[in-house]
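Trainee: Input: one structure, supplied below.
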Amino acid sequence: ELHGRVGVDLERRYEQRLEAVYEQLAYHYVRSGERGKAFLYCEKAGDKAKGLYANRGAIEHYSRAIELTDSLAQRVSPYHRRGQIWELIGNYDSAIADFQQMQKLARRTEDRRMQGEAFHGLSSVYEKKGDYALSTKMAQEAVQLGREGDAREVVAKGLIILGIVASNQGDYARARGFYTESLRIRRELGDKSGMATSLNGLGEIARHQGAYQEAKQLYTESLQLARDLGNRWGIADSLNNLAIIARRQGAYQEARRLYAESLQIEREIGNKRGI
């Protein structure tokens with residue numbers, strides 16, 4: 001009862017800036033036994049930590065949120081977000097387990113968009129593990145479900161993975177097609193974060209084909225979008241790609257500077273693959 005009163009008081013005192021006390025609200029409502037509010041604030045605290053790349057804290061909050069609700073629909077989101085963090089920090093087996101659980105829950109609740117998101121998550125992890133056949137299969141599922149569920153952002157995400165796999169396998173024409181279609185969708189949706197990802201992909205194709213100036217232009221455009229959004233993962237990725245171009249063109253001091261800036265961000269956000 002005491003914890004519940006503290007939670008209510010915090011909500012009243014911080015009404016205009018609840019984000020500042022999500023962690024405290026989660027703590028008190030968990031201990032008050034008010035599972036609805038406890039779930040709400042654990043998820044919000046997880047989102048806050050995830051946005052700050054406080055990865056372990058985010059995982060703890062999402063794990064608690066999953067335990068607090070019996071609602072299949074409510075459990076989809078924390079599984080999704082926790083899976084994304086496992087993927088970022090390189091724990092691929094845990095990421096796969098979360099995305100698989102998310103997919104089962106989304107299927108049972110007939111949520112095609114979130115089923116598509118789950119398949120996208122799986123396709124991304126399998127690509128990182130080098131299982132291109134399974135990654136392609138999962139990405140194709142994501143694209144199909146996105147189209148069936150009128151979730152164009154899911155379609156665009158699936159196309160990106162198909163582009164990455166095609167590029168990794170040396171099929172640059174197909175990869176360019178996937179990236180270009182994804183970029184078109186992202187522009188129509190006004191999705192700047194997605195646009196940055198698609199531009200990076202097109203930059204990769206140009207780089208592999210030796211068109212370094214085109215690649216540099218695409219990477220620079222992607223970097224600017226990522227900076228505008230404060231997307232640190234996107235910033236680090238674009239900086240790394242620009243460093244590769246600088247090194248290929250013999251600008252070694254510039255390459256060193258770009259690599260160093262990228263590496264610092266990758267370490268700060270915990271992206272083991274980038275490090």
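Identifiers in the structure tokens: chain A, B, ... in order shown; residue index from 1 per chain; ligand index from 1 in order shown.
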Can you tell me, as a PyMOL selection string, what residues are no more than 12 Å from Gly210 of chain A when counting only C-alpha atoms, ignoring any on the same chain fewer than 3 positions away?
Mentor: chain A and resi 172+203-207+213-216+244-245+248-249
Trainee: Fewer than 5 positions away in the same chain doesn't count, so skip those; otherwise give me all residues within 9 Å of Tyr219 of chain A, counting only C-alpha atoms, as a list in words.
Mentor: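 Listed by chain and then number, they are Ala196, Leu199, Asn200, Gly201, Leu202, Gly203, Glu204, Glu214, Gln224, Ser238, Leu239, Asn241 and Leu242 of chain A.
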Trainee: Could you check how far atom CA of Arg152 of chain A sits from atom CA of Arg112 of chain A, in Å to one decimal?
Mentor: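 About the pair atom CA of Arg152 of chain A and atom CA of Arg112 of chain A: they are 11.7 Å apart.
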Trainee: Could you please determine the separation between atom CA of Gly177 of chain A and atom CA of Lys192 of chain A in Å, to one decimal place?
Mentor: 19.4 Å
Trainee: Give me, as an mmCIF file with N, CA, C and O atoms, in the first residue's frame, all polymer residues having an atom no more than 10 Å from segment 185-187 of chain A, counting only C-alpha atoms and skipping those fewer than 2 positions away in the same chain.
Mentor:
```cif
data_model
loop_
_atom_site.group_PDB
_atom_site.id
_atom_site.type_symbol
_atom_site.label_atom_id
_atom_site.label_comp_id
_atom_site.auth_asym_id
_atom_site.auth_seq_id
_atom_site.Cartn_x
_atom_site.Cartn_y
_atom_site.Cartn_z
ATOM 1 N N ARG A 152 3.839 -1.018 -44.545
ATOM 2 C CA ARG A 152 4.880 -0.771 -45.532
ATOM 3 C C ARG A 152 6.260 -0.629 -44.911
ATOM 4 O O ARG A 152 7.261 -0.942 -45.551
ATOM 5 N N GLU A 153 6.308 -0.193 -43.646
ATOM 6 C CA GLU A 153 7.608 -0.076 -42.987
ATOM 7 C C GLU A 153 8.232 -1.458 -42.791
ATOM 8 O O GLU A 153 9.456 -1.599 -42.853
ATOM 9 N N VAL A 155 7.677 -4.029 -44.833
ATOM 10 C CA VAL A 155 8.128 -4.395 -46.184
ATOM 11 C C VAL A 155 9.509 -3.811 -46.444
ATOM 12 O O VAL A 155 10.428 -4.502 -46.902
ATOM 13 N N ALA A 156 9.675 -2.525 -46.123
ATOM 14 C CA ALA A 156 10.954 -1.848 -46.363
ATOM 15 C C ALA A 156 12.082 -2.486 -45.558
ATOM 16 O O ALA A 156 13.201 -2.652 -46.060
ATOM 17 N N LYS A 157 11.808 -2.876 -44.327
ATOM 18 C CA LYS A 157 12.827 -3.517 -43.496
ATOM 19 C C LYS A 157 13.242 -4.863 -44.081
ATOM 20 O O LYS A 157 14.428 -5.213 -44.108
ATOM 21 N N TYR A 179 17.428 -2.287 -52.293
ATOM 22 C CA TYR A 179 17.690 -1.037 -51.575
ATOM 23 C C TYR A 179 16.892 0.132 -52.172
ATOM 24 O O TYR A 179 16.381 0.985 -51.443
ATOM 25 N N THR A 180 16.804 0.167 -53.486
ATOM 26 C CA THR A 180 16.094 1.266 -54.153
ATOM 27 C C THR A 180 14.608 1.226 -53.824
ATOM 28 O O THR A 180 13.989 2.263 -53.545
ATOM 29 N N GLU A 181 14.028 0.014 -53.827
ATOM 30 C CA GLU A 181 12.606 -0.098 -53.488
ATOM 31 C C GLU A 181 12.369 0.273 -52.027
ATOM 32 O O GLU A 181 11.395 0.948 -51.691
ATOM 33 N N SER A 182 13.276 -0.149 -51.172
ATOM 34 C CA SER A 182 13.160 0.200 -49.757
ATOM 35 C C SER A 182 13.239 1.714 -49.561
ATOM 36 O O SER A 182 12.447 2.299 -48.812
ATOM 37 N N LEU A 183 14.179 2.358 -50.261
ATOM 38 C CA LEU A 183 14.333 3.811 -50.141
ATOM 39 C C LEU A 183 13.075 4.536 -50.623
ATOM 40 O O LEU A 183 12.636 5.507 -50.002
ATOM 41 N N LEU A 189 6.968 7.292 -46.797
ATOM 42 C CA LEU A 189 6.506 7.273 -45.410
ATOM 43 C C LEU A 189 7.094 8.411 -44.578
ATOM 44 O O LEU A 189 6.662 8.641 -43.449
ATOM 45 N N GLY A 190 8.110 9.105 -45.133
ATOM 46 C CA GLY A 190 8.782 10.148 -44.372
ATOM 47 C C GLY A 190 9.639 9.585 -43.259
ATOM 48 O O GLY A 190 9.898 10.250 -42.253
ATOM 49 N N ASP A 191 10.106 8.363 -43.441
ATOM 50 C CA ASP A 191 10.897 7.645 -42.433
ATOM 51 C C ASP A 191 12.377 7.950 -42.638
ATOM 52 O O ASP A 191 13.066 7.275 -43.402
ATOM 53 N N LYS A 192 12.876 8.971 -41.930
ATOM 54 C CA LYS A 192 14.256 9.401 -42.138
ATOM 55 C C LYS A 192 15.270 8.360 -41.667
ATOM 56 O O LYS A 192 16.311 8.181 -42.288
ATOM 57 N N SER A 193 14.953 7.680 -40.581
ATOM 58 C CA SER A 193 15.860 6.641 -40.095
ATOM 59 C C SER A 193 15.985 5.524 -41.127
ATOM 60 O O SER A 193 17.089 5.045 -41.426
ATOM 61 N N GLY A 194 14.858 5.112 -41.680
ATOM 62 C CA GLY A 194 14.877 4.085 -42.709
ATOM 63 C C GLY A 194 15.562 4.553 -43.981
ATOM 64 O O GLY A 194 16.264 3.781 -44.649
ATOM 65 N N MET A 195 15.371 5.828 -44.315
ATOM 66 C CA MET A 195 16.045 6.386 -45.492
ATOM 67 C C MET A 195 17.555 6.303 -45.323
ATOM 68 O O MET A 195 18.275 5.947 -46.267
ATOM 69 N N ALA A 196 18.036 6.614 -44.122
ATOM 70 C CA ALA A 196 19.474 6.559 -43.866
ATOM 71 C C ALA A 196 20.003 5.147 -44.071
ATOM 72 O O ALA A 196 21.075 4.957 -44.665
ATOM 73 N N THR A 197 19.256 4.153 -43.607
ATOM 74 C CA THR A 197 19.676 2.759 -43.769
ATOM 75 C C THR A 197 19.723 2.373 -45.243
ATOM 76 O O THR A 197 20.678 1.721 -45.706
ATOM 77 N N SER A 198 18.695 2.761 -45.995
ATOM 78 C CA SER A 198 18.652 2.428 -47.423
ATOM 79 C C SER A 198 19.776 3.119 -48.191
ATOM 80 O O SER A 198 20.399 2.515 -49.071
#
```
Trainee: Determine the nearest neighbour of Leu88 of chain A from the options A:Met138, A:Lys104, A:Ala54, A:Arg64, counting only C-alpha atoms.
Mentor: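 Nearest candidate to Leu88 of chain A out of A:Met138, A:Lys104, A:Ala54, A:Arg64: A:Ala54.
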Trainee: Within 12 Å of Ala97 of chain A, counting only C-alpha atoms, which residues show up once you throw out same-chain ones fewer than 2 positions away? Write them as a VMD selection string, please.
Mentor: chain A and resid 79 to 80 82 to 84 86 to 87 91 to 95 99 to 104 118 to 119 121 to 122 125
Trainee: Given only C-alpha atoms as the basis, pick out the residue of A:Glu268, A:Glu60, A:Glu127, A:Glu67 nearest to Ala38 of chain A.
Mentor: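 Of A:Glu268, A:Glu60, A:Glu127, A:Glu67, the one nearest Ala38 of chain A is A:Glu67, counting only C-alpha atoms.
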Trainee: What is the atom CA of Gly234 of chain A to atom CA of Ser63 of chain A distance in Å?
Mentor: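 These atoms are spaced 26.2 Å apart.
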Trainee: Which residues come within 10 Å of Ile269 of chain A, counting only C-alpha atoms, excluding same-chain residues fewer than 4 positions away, as a list of chain:residue names?
Mentor: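 After dropping sequence-adjacent residues, the list is A:Lys50, A:Gly51, A:Leu52, A:Tyr53, A:Ala54, A:Asn55, A:Leu88, A:Ile89, A:Arg232, A:Trp233, A:Ala236, A:Gln264, A:Ile265, A:Gly274.
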Trainee: Those residues with all heavy atoms, as a JSON list (two decimals), in the first residue's frame please?
Mentor:
```
[["chain", "number", "residue", "atom", "x", "y", "z"],
["A", 50, "LYS", "N", 16.78, 1.86, -23.34],
["A", 50, "LYS", "CA", 17.16, 1.43, -24.69],
["A", 50, "LYS", "C", 17.60, 2.62, -25.52],
["A", 50, "LYS", "O", 18.58, 2.58, -26.26],
["A", 50, "LYS", "CB", 15.99, 0.71, -25.36],
["A", 50, "LYS", "CG", 16.26, 0.15, -26.76],
["A", 50, "LYS", "CD", 15.06, -0.68, -27.22],
["A", 50, "LYS", "CE", 15.31, -1.33, -28.58],
["A", 50, "LYS", "NZ", 15.16, -0.37, -29.68],
["A", 51, "GLY", "N", 16.85, 3.73, -25.40],
["A", 51, "GLY", "CA", 17.20, 4.93, -26.14],
["A", 51, "GLY", "C", 18.52, 5.52, -25.73],
["A", 51, "GLY", "O", 19.18, 6.20, -26.53],
["A", 52, "LEU", "N", 18.94, 5.25, -24.49],
["A", 52, "LEU", "CA", 20.22, 5.74, -23.98],
["A", 52, "LEU", "C", 21.33, 4.71, -24.15],
["A", 52, "LEU", "O", 22.45, 4.93, -23.69],
["A", 52, "LEU", "CB", 20.08, 6.11, -22.49],
["A", 52, "LEU", "CG", 19.12, 7.27, -22.17],
["A", 52, "LEU", "CD1", 18.89, 7.36, -20.67],
["A", 52, "LEU", "CD2", 19.68, 8.58, -22.71],
["A", 53, "TYR", "N", 21.00, 3.57, -24.76],
["A", 53, "TYR", "CA", 21.93, 2.44, -24.94],
["A", 53, "TYR", "C", 22.43, 1.93, -23.59],
["A", 53, "TYR", "O", 23.54, 1.40, -23.50],
["A", 53, "TYR", "CB", 23.10, 2.84, -25.85],
["A", 53, "TYR", "CG", 22.65, 3.15, -27.25],
["A", 53, "TYR", "CD1", 22.42, 4.48, -27.65],
["A", 53, "TYR", "CD2", 22.41, 2.14, -28.17],
["A", 53, "TYR", "CE1", 21.98, 4.78, -28.93],
["A", 53, "TYR", "CE2", 21.96, 2.44, -29.46],
["A", 53, "TYR", "CZ", 21.74, 3.76, -29.83],
["A", 53, "TYR", "OH", 21.29, 4.05, -31.10],
["A", 54, "ALA", "N", 21.59, 2.07, -22.56],
["A", 54, "ALA", "CA", 21.86, 1.43, -21.27],
["A", 54, "ALA", "C", 21.29, 0.01, -21.38],
["A", 54, "ALA", "O", 20.22, -0.30, -20.84],
["A", 54, "ALA", "CB", 21.20, 2.21, -20.14],
["A", 55, "ASN", "N", 22.01, -0.82, -22.10],
["A", 55, "ASN", "CA", 21.45, -2.08, -22.59],
["A", 55, "ASN", "C", 21.05, -3.05, -21.49],
["A", 55, "ASN", "O", 19.98, -3.66, -21.55],
["A", 55, "ASN", "CB", 22.45, -2.74, -23.55],
["A", 55, "ASN", "CG", 22.72, -1.88, -24.76],
["A", 55, "ASN", "OD1", 21.81, -1.26, -25.32],
["A", 55, "ASN", "ND2", 23.97, -1.81, -25.19],
["A", 88, "LEU", "N", 21.92, -6.35, -30.75],
["A", 88, "LEU", "CA", 22.92, -5.28, -30.75],
["A", 88, "LEU", "C", 24.18, -5.69, -30.00],
["A", 88, "LEU", "O", 25.30, -5.45, -30.48],
["A", 88, "LEU", "CB", 22.34, -4.02, -30.09],
["A", 88, "LEU", "CG", 23.31, -2.84, -29.91],
["A", 88, "LEU", "CD1", 23.69, -2.24, -31.25],
["A", 88, "LEU", "CD2", 22.70, -1.78, -29.00],
["A", 89, "ILE", "N", 24.00, -6.35, -28.86],
["A", 89, "ILE", "CA", 25.18, -6.68, -28.03],
["A", 89, "ILE", "C", 25.79, -8.02, -28.41],
["A", 89, "ILE", "O", 26.73, -8.49, -27.76],
["A", 89, "ILE", "CB", 24.84, -6.63, -26.53],
["A", 89, "ILE", "CG1", 23.84, -7.72, -26.14],
["A", 89, "ILE", "CG2", 24.34, -5.26, -26.14],
["A", 89, "ILE", "CD1", 23.54, -7.76, -24.63],
["A", 232, "ARG", "N", 22.67, 7.06, -33.00],
["A", 232, "ARG", "CA", 24.10, 6.84, -32.81],
["A", 232, "ARG", "C", 24.58, 5.60, -33.55],
["A", 232, "ARG", "O", 25.71, 5.57, -34.04],
["A", 232, "ARG", "CB", 24.41, 6.75, -31.32],
["A", 232, "ARG", "CG", 23.98, 8.01, -30.56],
["A", 232, "ARG", "CD", 24.44, 7.98, -29.12],
["A", 232, "ARG", "NE", 25.86, 8.21, -29.04],
["A", 232, "ARG", "CZ", 26.62, 7.80, -28.02],
["A", 232, "ARG", "NH1", 26.09, 7.09, -27.04],
["A", 232, "ARG", "NH2", 27.91, 8.05, -28.00],
["A", 233, "TRP", "N", 23.75, 4.58, -33.62],
["A", 233, "TRP", "CA", 24.15, 3.39, -34.38],
["A", 233, "TRP", "C", 24.33, 3.76, -35.84],
["A", 233, "TRP", "O", 25.32, 3.38, -36.48],
["A", 233, "TRP", "CB", 23.08, 2.30, -34.25],
["A", 233, "TRP", "CG", 23.40, 1.07, -35.05],
["A", 233, "TRP", "CD1", 24.15, 0.00, -34.65],
["A", 233, "TRP", "CD2", 23.02, 0.80, -36.41],
["A", 233, "TRP", "NE1", 24.25, -0.92, -35.67],
["A", 233, "TRP", "CE2", 23.58, -0.45, -36.75],
["A", 233, "TRP", "CE3", 22.28, 1.51, -37.35],
["A", 233, "TRP", "CZ2", 23.40, -1.02, -38.01],
["A", 233, "TRP", "CZ3", 22.10, 0.94, -38.60],
["A", 233, "TRP", "CH2", 22.65, -0.31, -38.92],
["A", 236, "ALA", "N", 27.55, 5.85, -36.36],
["A", 236, "ALA", "CA", 28.76, 5.02, -36.33],
["A", 236, "ALA", "C", 28.92, 4.23, -37.61],
["A", 236, "ALA", "O", 30.03, 4.11, -38.15],
["A", 236, "ALA", "CB", 28.71, 4.08, -35.13],
["A", 264, "GLN", "N", 34.54, 4.79, -31.15],
["A", 264, "GLN", "CA", 34.14, 5.34, -29.85],
["A", 264, "GLN", "C", 32.64, 5.19, -29.64],
["A", 264, "GLN", "O", 32.18, 4.78, -28.56],
["A", 264, "GLN", "CB", 34.54, 6.81, -29.74],
["A", 264, "GLN", "CG", 34.15, 7.44, -28.40],
["A", 264, "GLN", "CD", 34.56, 8.90, -28.30],
["A", 264, "GLN", "OE1", 35.35, 9.38, -29.09],
["A", 264, "GLN", "NE2", 34.01, 9.59, -27.33],
["A", 265, "ILE", "N", 31.85, 5.49, -30.68],
["A", 265, "ILE", "CA", 30.39, 5.38, -30.56],
["A", 265, "ILE", "C", 29.98, 3.92, -30.40],
["A", 265, "ILE", "O", 29.12, 3.60, -29.56],
["A", 265, "ILE", "CB", 29.70, 6.01, -31.79],
["A", 265, "ILE", "CG1", 29.96, 7.51, -31.85],
["A", 265, "ILE", "CG2", 28.19, 5.75, -31.74],
["A", 265, "ILE", "CD1", 29.51, 8.16, -33.14],
["A", 274, "GLY", "N", 30.07, -3.98, -34.41],
["A", 274, "GLY", "CA", 30.75, -2.80, -34.93],
["A", 274, "GLY", "C", 32.17, -2.65, -34.39],
["A", 274, "GLY", "O", 33.06, -2.17, -35.08]]
```
Trainee: Measuring between only C-alpha atoms, which one of A:Ile160, A:Gly270, A:Gly149, A:Gly90 shows the shortest distance to His120 of chain A?
Mentor: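 Looking at the shortest contact to His120 of chain A, the residue is A:Ile160.
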Trainee: Residues within 8 Å of segment 20-29 of chain A, please, as number ranges by chain. Count only C-alpha atoms; anything in the same chain fewer than 2 positions from it doesn't count.
Mentor: A: 3-4, 6-7, 10-11, 14, 17-18, 31-35, 37-42, 44-45
Trainee: Quick one: everything within 12 Å of Gly130 of chain A, counting only C-alpha atoms, minus sequence neighbours fewer than 6 positions away in the same chain. Send it as a ChimeraX atom specification.
Mentor: /A:92,123-124,136,164-165,168-169
Trainee: I need the residues from that last selection saved to file as a PDB file, in the first residue's frame (with C-alpha atoms), if you can.
Mentor:
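Everything below was put into result-v8.pdb:
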```pdb
ATOM      1  CA  TYR A  92      22.291 -13.881 -31.112  1.00  0.00           C
ATOM      2  CA  SER A 123      16.258 -12.378 -40.721  1.00  0.00           C
ATOM      3  CA  SER A 124      18.602  -9.702 -39.377  1.00  0.00           C
ATOM      4  CA  THR A 136      16.449 -14.764 -46.926  1.00  0.00           C
ATOM      5  CA  ILE A 164      22.306  -7.074 -47.539  1.00  0.00           C
ATOM      6  CA  VAL A 165      22.251 -10.797 -48.301  1.00  0.00           C
ATOM      7  CA  ASN A 168      27.144 -10.242 -49.428  1.00  0.00           C
ATOM      8  CA  GLN A 169      26.717 -12.880 -52.112  1.00  0.00           C
TER       9      GLN A 169
END
```
